[in-house]
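Before any comments, here is the structure.
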Amino acid sequence: MPRVPRRRHSASVSRLKALLSLVEDFSRLTLVNAGATSAKWKHIVPGWVIAAGKGTSTAIGSLISTTFASASVNITAKNPAAGVGPAFWVTDSGNYWSVTRNVVNICQSCTACGAYNSCVYCSSYGEIAQQGCTQSGTCPASVCNGGYSNCPVEGCNGGYSSCPQQGCSNPGTCPQSGCSFYTEEARTSCNSPYFYSVQTCSQYAYYYKYGYACFAWTTTPVTGCGSTYTYYVTVCGGAFTYYIPCCVSGAFMYYVTCCPGGTFTYYQSCCPGGFYNYTVSCCTGSTFTYYTYGCTGNSYGAHSSCGCASYYTYNCNCADHHRIDLSKKVNNVETVISSTTNLTTEIKGIKVITSGDNVTASAYSDTNFTSQVSSTLSSTNTGQKPKEHGIISKASIASQGYTIDEFRVN
């Protein structure tokens, strides 16, 4: 059988004692050699394998590296999943630097109604009859000048009744006595009266021989006065006659509305300023009935239309935000030096440049490394700077990934 040509790896390296460059695209079955070179991946923390053409971490914290000719390199990582990224200046599992992708789920704080007020609200809807008009015009109207006020009104205790009144069919004038001036006149009165009797004849008889003679007597009591005193009275000195209206003849009785129980005062709306007239639009033609859809019944209770009585807050509009973290681990103590801004733009590429003591890290939204996301991170390493560089899998805050499409060093 003809010999089947071997699959050529896309990874390329310089075949010197230490690697000058490397392209690792994971286009083989095992992750032993670094790309197509004879250099080996060092599994500092085991867990990196190849699965479905991707570098895949089977455990958070797994770290691989290999030796390069320089500590100053340019590193790019294509499509690193959340938690994955380049590791550089690797000494061992407790001493290295890294730049990894991190995902944070950020929510807004929203407010919602927890309980509604109680009120009368519409609980049923249906057709409602309405009046239409075939022709519109103007109609007179009036309005109160200066606005309405409260005016006193007389009321009747116990209600109104009918009371008799005197009428006259022939009214005229009647004479009355008047006095134009008055004088005083002296009067005498007894101051110490006394009483005695006087006999008088009550019946006479005639006798021829004796003439008239009394044969019946009457005793009459009489008052006498021992002493008198004088007093004065006012009497009219100039009497005259005048006339007043009166009913000469034909008096009669009639009845009027009256309030036998007496009246009281109360107040009601009134218009002290009077009204003025104007015109309004109105129906001057014929009317007809049509129907609209609306509220046909009301209920009382807690309802959304009554307004909110109390509120509560909750997380809303949550979305994944992406960033890269520049970290260092020294003597097993890891520190995040700086991070890019949390943005909704997904990160698809990471670029790391080490030069002497300095390192810069940038994130990109494309795998061509042309559209940078956020600002560039930078730091200085005054400690050890080994020539070991590789790939690390770390924990991501919101979502966790384990794969990378390509790792390149030059």
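Each chain of the structure tokens is named A, B, ... in the order shown, its residues numbered from 1; ligands are numbered from 1 in display order.
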Write out as a ChimeraX atom specification each polymer residue whose atoms come within 10 Å of Glu334 in chain A, counting only C-alpha atoms; drop sequence neighbours fewer than 4 positions from it.
/A:94-97,327-330
Mind dumping a table of every range 305-358 of chain A residue within 10 Å of range 108-123 of chain A, with the nearest atom pair and its distance in Å to one decimal, using only C-alpha atoms, sorted by chain and rising number, as CSV?
residue,atom,partner,partner_atom,distance
A:Ser305,CA,A:Tyr121,CA,6.7
A:Cys306,CA,A:Asn117,CA,5.3
A:Gly307,CA,A:Asn117,CA,5.7
A:Cys308,CA,A:Tyr116,CA,4.4
A:Ala309,CA,A:Tyr116,CA,4.9
A:Ser310,CA,A:Ala115,CA,5.4
A:Tyr311,CA,A:Cys113,CA,4.4
A:Tyr312,CA,A:Ala112,CA,5.6
A:Thr313,CA,A:Thr111,CA,4.4
A:Tyr314,CA,A:Cys110,CA,5.4
A:Asn315,CA,A:Ser109,CA,4.9
A:Cys316,CA,A:Gln108,CA,5.2
A:Asn317,CA,A:Gln108,CA,5.8
A:Cys318,CA,A:Gln108,CA,6.5
A:Ala319,CA,A:Gln108,CA,9.1
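Every protein or nucleic acid residue with an atom no more than 12 Å from Val248 in chain A, counting only C-alpha atoms and leaving out same-chain residues fewer than 6 positions away, appears here: Gly167, Cys168, Ser169, Asn170, Pro171, Gly172, Thr173, Cys174 and Pro175 of chain A.
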Identify, on the basis of only C-alpha atoms, every residue whose closest approach to range 365-374 of chain A does not exceed 10 Å; exclude the query and any residue fewer than 4 positions from it along the same chain; express the result as a VMD selection string.
chain A and resid 76 to 79 322 to 324 339 to 343 345 to 351 405 to 406
Please produce a file of the residues just selected, as a short mmCIF file (atom, residue, chain, number, x, y, z; two decimals), in the first residue's frame, where the atoms kept are C-alpha atoms.
data_model
loop_
_atom_site.label_atom_id
_atom_site.label_comp_id
_atom_site.auth_asym_id
_atom_site.auth_seq_id
_atom_site.Cartn_x
_atom_site.Cartn_y
_atom_site.Cartn_z
CA THR A 76 -0.87 36.08 21.69
CA ALA A 77 -3.78 33.82 22.64
CA LYS A 78 -6.77 33.29 20.31
CA ASN A 79 -10.25 32.60 21.70
CA HIS A 322 -15.57 40.84 30.06
CA ARG A 323 -12.09 41.91 31.15
CA ILE A 324 -8.51 40.66 31.46
CA SER A 339 -7.65 44.79 35.25
CA THR A 340 -9.28 46.31 32.21
CA THR A 341 -12.74 47.87 32.49
CA ASN A 342 -15.69 45.48 32.68
CA LEU A 343 -17.35 45.74 29.25
CA THR A 345 -17.77 43.38 24.43
CA GLU A 346 -16.58 39.77 24.33
CA ILE A 347 -12.80 39.24 24.36
CA LYS A 348 -11.47 36.94 21.64
CA GLY A 349 -7.75 37.72 21.79
CA ILE A 350 -5.08 38.49 24.44
CA LYS A 351 -1.67 40.00 23.65
CA ASP A 405 -7.75 27.87 20.04
CA GLU A 406 -4.16 29.04 19.54
#
With only C-alpha atoms as the counted atoms, please give the residues lying no more than 8 Å from Ala34 in chain A, apart from itself and same-chain residues fewer than 3 positions off, as a list in words.
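Contacts, with the query itself left out: Leu22, Glu24, Leu31, Thr37, Ser38, Ala39, Lys40, Trp41 and Thr66 of chain A.
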Pick the closest to Gln130 in chain A from A:Gly294, A:Gly35, A:Pro386, A:Gly224: which is it, counting only C-alpha atoms?
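Checking each candidate against Gln130 in chain A, we get A:Gly294 as the closest.
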